[in-house]
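Heads up, the thing below is written out as structure tokens.
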Amino acid sequence: MLLYLFLTLPILLSGCSKETEKKEQLQKSEEAKAINVKIPPVVKDKCIMCHDVFKRKVGPSFVQVRDRYKEDPKAIEKISRSIKRGSQGKWGRVAMLPNDVTEEEAKQIAEWIMSLK
Ligand code: HEC
């Protein structure tokens with residue numbers, strides 16, 4: 001029995017450190033992705049206080065938005081309308097007020113969101 005413990009303990013321990021290693025790698029790759037993503041200036045200016053590309057903040061992350069509309073042929077139209085006019089009840093209890101952007105900017109941001117890798 002004791003021998004059994006001796007044999008399995010190192011395996012268990014190395015298994016654990018592999019887990020944390022994996023987590024660290026994942027974190028690093030998320031950070032690397034975050035660095036590689038070019039956030040348009042208008043988004044930095046007007047949206048980043050409530051949105052992040054990868055993490056949910058006050059509003060959904062932009063990759064969450066991309067995933068929800070991935071199969072929707074009207075994605076760009078719907079997303080740019082939400083950006084321009086605001087949105088409520090789609091993601092939670094907090095609503096988004098209309099944003100101070102032009103139709104053109106809203107469309108470009110929607111296209112950027114759907115192009116996220
Ligand atoms: C004050 C906080 C706040 C700001 C500023 C803000 N948002 Fe939002 N956003 C939210 C919240 C909250 C939601 C979820 C609304 C809902 O549940 O329908 C949301 C939802 C969204 C959605 C999803 C809409 C949908 O139809 O599914 C998009 C896209 C979005 N925001 C983009 C933007 C962009 C682009 C900007 C900047 C021009 C911006 N947001 C600025 C809080 C904000």
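As shown in the structure tokens, the chain order sets the letters A, B, ...; within each chain, residues go from 1, and ligands are also counted from 1 in the order they appear.
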
Based on DSSP run over this structure's backbone, return all residues of region 66-103 of chain A in alpha helix (DSSP H), as a list in words. Arg66, Asp67, Arg68, Tyr69, Ala75, Ile76, Glu77, Lys78, Ile79, Ser80, Arg81, Ser82, Ile83, Lys84, Arg85 and Glu103 of chain A

Restricted to all heavy atoms, what would the selected residues look like written as a CSV table (one decimal), in the first residue's frame?
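Output (part.csv):
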chain,number,residue,atom,x,y,z
A,66,ARG,N,-19.5,38.0,-31.5
A,66,ARG,CA,-19.2,37.3,-32.8
A,66,ARG,C,-19.8,35.9,-32.8
A,66,ARG,O,-20.4,35.5,-33.7
A,66,ARG,CB,-17.7,37.3,-32.9
A,66,ARG,CG,-17.3,36.4,-34.1
A,66,ARG,CD,-15.9,35.8,-33.9
A,66,ARG,NE,-15.9,34.9,-32.8
A,66,ARG,CZ,-14.8,34.5,-32.2
A,66,ARG,NH1,-13.6,34.9,-32.6
A,66,ARG,NH2,-14.8,33.7,-31.2
A,67,ASP,N,-19.6,35.2,-31.7
A,67,ASP,CA,-20.1,33.8,-31.6
A,67,ASP,C,-21.7,33.8,-31.7
A,67,ASP,O,-22.2,32.9,-32.4
A,67,ASP,CB,-19.7,33.1,-30.3
A,67,ASP,CG,-18.2,32.8,-30.3
A,67,ASP,OD1,-17.6,32.8,-31.4
A,67,ASP,OD2,-17.7,32.5,-29.3
A,68,ARG,N,-22.3,34.7,-31.1
A,68,ARG,CA,-23.8,34.7,-31.1
A,68,ARG,C,-24.3,34.9,-32.6
A,68,ARG,O,-25.3,34.3,-33.0
A,68,ARG,CB,-24.4,35.7,-30.2
A,68,ARG,CG,-25.9,35.7,-30.3
A,68,ARG,CD,-26.5,36.7,-29.4
A,68,ARG,NE,-26.7,36.2,-28.0
A,68,ARG,CZ,-27.5,36.8,-27.2
A,68,ARG,NH1,-28.3,37.8,-27.5
A,68,ARG,NH2,-27.6,36.3,-26.0
A,69,TYR,N,-23.6,35.8,-33.3
A,69,TYR,CA,-24.1,36.1,-34.6
A,69,TYR,C,-23.4,35.4,-35.8
A,69,TYR,O,-23.7,35.7,-37.0
A,69,TYR,CB,-24.1,37.6,-34.8
A,69,TYR,CG,-25.0,38.4,-33.9
A,69,TYR,CD1,-24.5,38.9,-32.7
A,69,TYR,CD2,-26.3,38.6,-34.2
A,69,TYR,CE1,-25.4,39.6,-31.8
A,69,TYR,CE2,-27.2,39.3,-33.4
A,69,TYR,CZ,-26.7,39.8,-32.2
A,69,TYR,OH,-27.6,40.4,-31.3
A,75,ALA,N,-26.1,39.6,-39.5
A,75,ALA,CA,-25.2,39.9,-38.4
A,75,ALA,C,-24.8,41.4,-38.4
A,75,ALA,O,-25.0,42.1,-37.4
A,75,ALA,CB,-24.0,39.0,-38.3
A,76,ILE,N,-24.2,41.8,-39.5
A,76,ILE,CA,-23.6,43.2,-39.6
A,76,ILE,C,-24.7,44.2,-39.3
A,76,ILE,O,-24.6,45.2,-38.6
A,76,ILE,CB,-23.0,43.4,-40.9
A,76,ILE,CG1,-21.9,42.4,-41.2
A,76,ILE,CG2,-22.4,44.8,-41.1
A,76,ILE,CD1,-20.6,42.5,-40.4
A,77,GLU,N,-25.9,44.0,-40.0
A,77,GLU,CA,-27.0,44.9,-39.9
A,77,GLU,C,-27.5,45.0,-38.4
A,77,GLU,O,-27.7,46.1,-37.9
A,77,GLU,CB,-28.1,44.3,-40.8
A,77,GLU,CG,-29.1,45.2,-41.4
A,77,GLU,CD,-30.1,44.4,-42.2
A,77,GLU,OE1,-29.7,43.7,-43.1
A,77,GLU,OE2,-31.3,44.6,-41.9
A,78,LYS,N,-27.7,43.8,-37.8
A,78,LYS,CA,-28.2,43.8,-36.5
A,78,LYS,C,-27.2,44.4,-35.5
A,78,LYS,O,-27.6,45.2,-34.6
A,78,LYS,CB,-28.5,42.4,-36.0
A,78,LYS,CG,-29.7,41.8,-36.7
A,78,LYS,CD,-30.0,40.4,-36.2
A,78,LYS,CE,-31.2,39.7,-36.9
A,78,LYS,NZ,-31.2,38.3,-36.6
A,79,ILE,N,-26.0,44.0,-35.6
A,79,ILE,CA,-25.0,44.5,-34.6
A,79,ILE,C,-24.8,46.1,-34.8
A,79,ILE,O,-24.8,46.8,-33.8
A,79,ILE,CB,-23.6,43.8,-34.8
A,79,ILE,CG1,-23.8,42.3,-34.5
A,79,ILE,CG2,-22.6,44.4,-33.9
A,79,ILE,CD1,-22.6,41.5,-34.8
A,80,SER,N,-24.7,46.5,-36.0
A,80,SER,CA,-24.5,48.0,-36.2
A,80,SER,C,-25.7,48.7,-35.7
A,80,SER,O,-25.6,49.8,-35.2
A,80,SER,CB,-24.1,48.3,-37.6
A,80,SER,OG,-25.0,47.8,-38.6
A,81,ARG,N,-26.9,48.2,-35.9
A,81,ARG,CA,-28.1,48.8,-35.4
A,81,ARG,C,-28.1,48.9,-33.8
A,81,ARG,O,-28.3,50.0,-33.3
A,81,ARG,CB,-29.4,48.1,-35.8
A,81,ARG,CG,-30.6,49.0,-35.5
A,81,ARG,CD,-32.0,48.2,-35.8
A,81,ARG,NE,-32.0,47.6,-37.1
A,81,ARG,CZ,-32.4,46.4,-37.3
A,81,ARG,NH1,-32.9,45.7,-36.4
A,81,ARG,NH2,-32.4,45.9,-38.6
A,82,SER,N,-27.7,47.8,-33.2
A,82,SER,CA,-27.5,47.9,-31.7
A,82,SER,C,-26.5,48.9,-31.3
A,82,SER,O,-26.7,49.6,-30.3
A,82,SER,CB,-27.1,46.5,-31.2
A,82,SER,OG,-28.1,45.6,-31.3
A,83,ILE,N,-25.4,49.0,-32.0
A,83,ILE,CA,-24.3,49.9,-31.6
A,83,ILE,C,-24.8,51.3,-31.7
A,83,ILE,O,-24.7,52.2,-30.9
A,83,ILE,CB,-23.1,49.7,-32.5
A,83,ILE,CG1,-22.5,48.3,-32.2
A,83,ILE,CG2,-22.0,50.8,-32.2
A,83,ILE,CD1,-21.3,48.0,-33.2
A,84,LYS,N,-25.6,51.6,-32.8
A,84,LYS,CA,-26.0,53.0,-33.1
A,84,LYS,C,-27.2,53.3,-32.1
A,84,LYS,O,-27.2,54.4,-31.5
A,84,LYS,CB,-26.5,53.1,-34.5
A,84,LYS,CG,-27.0,54.4,-35.0
A,84,LYS,CD,-25.9,55.3,-35.5
A,84,LYS,CE,-26.5,56.7,-35.8
A,84,LYS,NZ,-26.1,57.7,-34.8
A,85,ARG,N,-28.2,52.4,-32.0
A,85,ARG,CA,-29.4,52.8,-31.3
A,85,ARG,C,-29.5,52.3,-29.9
A,85,ARG,O,-30.4,52.5,-29.1
A,85,ARG,CB,-30.6,52.2,-32.0
A,85,ARG,CG,-30.7,52.8,-33.4
A,85,ARG,CD,-32.0,52.5,-34.1
A,85,ARG,NE,-31.9,52.8,-35.5
A,85,ARG,CZ,-32.7,52.2,-36.4
A,85,ARG,NH1,-33.6,51.4,-36.1
A,85,ARG,NH2,-32.6,52.6,-37.7
A,103,GLU,N,-23.6,56.1,-38.6
A,103,GLU,CA,-24.0,54.8,-39.2
A,103,GLU,C,-22.8,54.1,-39.7
A,103,GLU,O,-22.6,52.9,-39.6
A,103,GLU,CB,-25.0,55.0,-40.4
A,103,GLU,CG,-26.2,55.7,-40.0
A,103,GLU,CD,-27.3,54.7,-39.6
A,103,GLU,OE1,-27.2,53.5,-39.9
A,103,GLU,OE2,-28.3,55.2,-39.0

Name the residues, by chain letter and number, that sit within 9 Å of ligand 1 using only C-alpha atoms and all ligand atoms, and give them as a PyMOL selection string. chain A and resi 42-51+57-62+64-66+68-69+75+78-84+86-101+105-106+109-110+113

One decimal place gives the CA of Asp72 (chain A)-CA of Pro40 (chain A) separation as 23.3 Å

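Of the listed residues (A:Lys23, A:Glu71, A:Arg56, A:Val37), A:Val37 comes nearest to Lys117 (chain A); the distances count only C-alpha atoms.
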
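A straight line drawn from CA of Lys107 (chain A) to CA of Pro73 (chain A) is 14.4 Å long.
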
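Picture a line from CA of Phe54 (chain A) to CA of Thr102 (chain A); it runs 24.8 Å.
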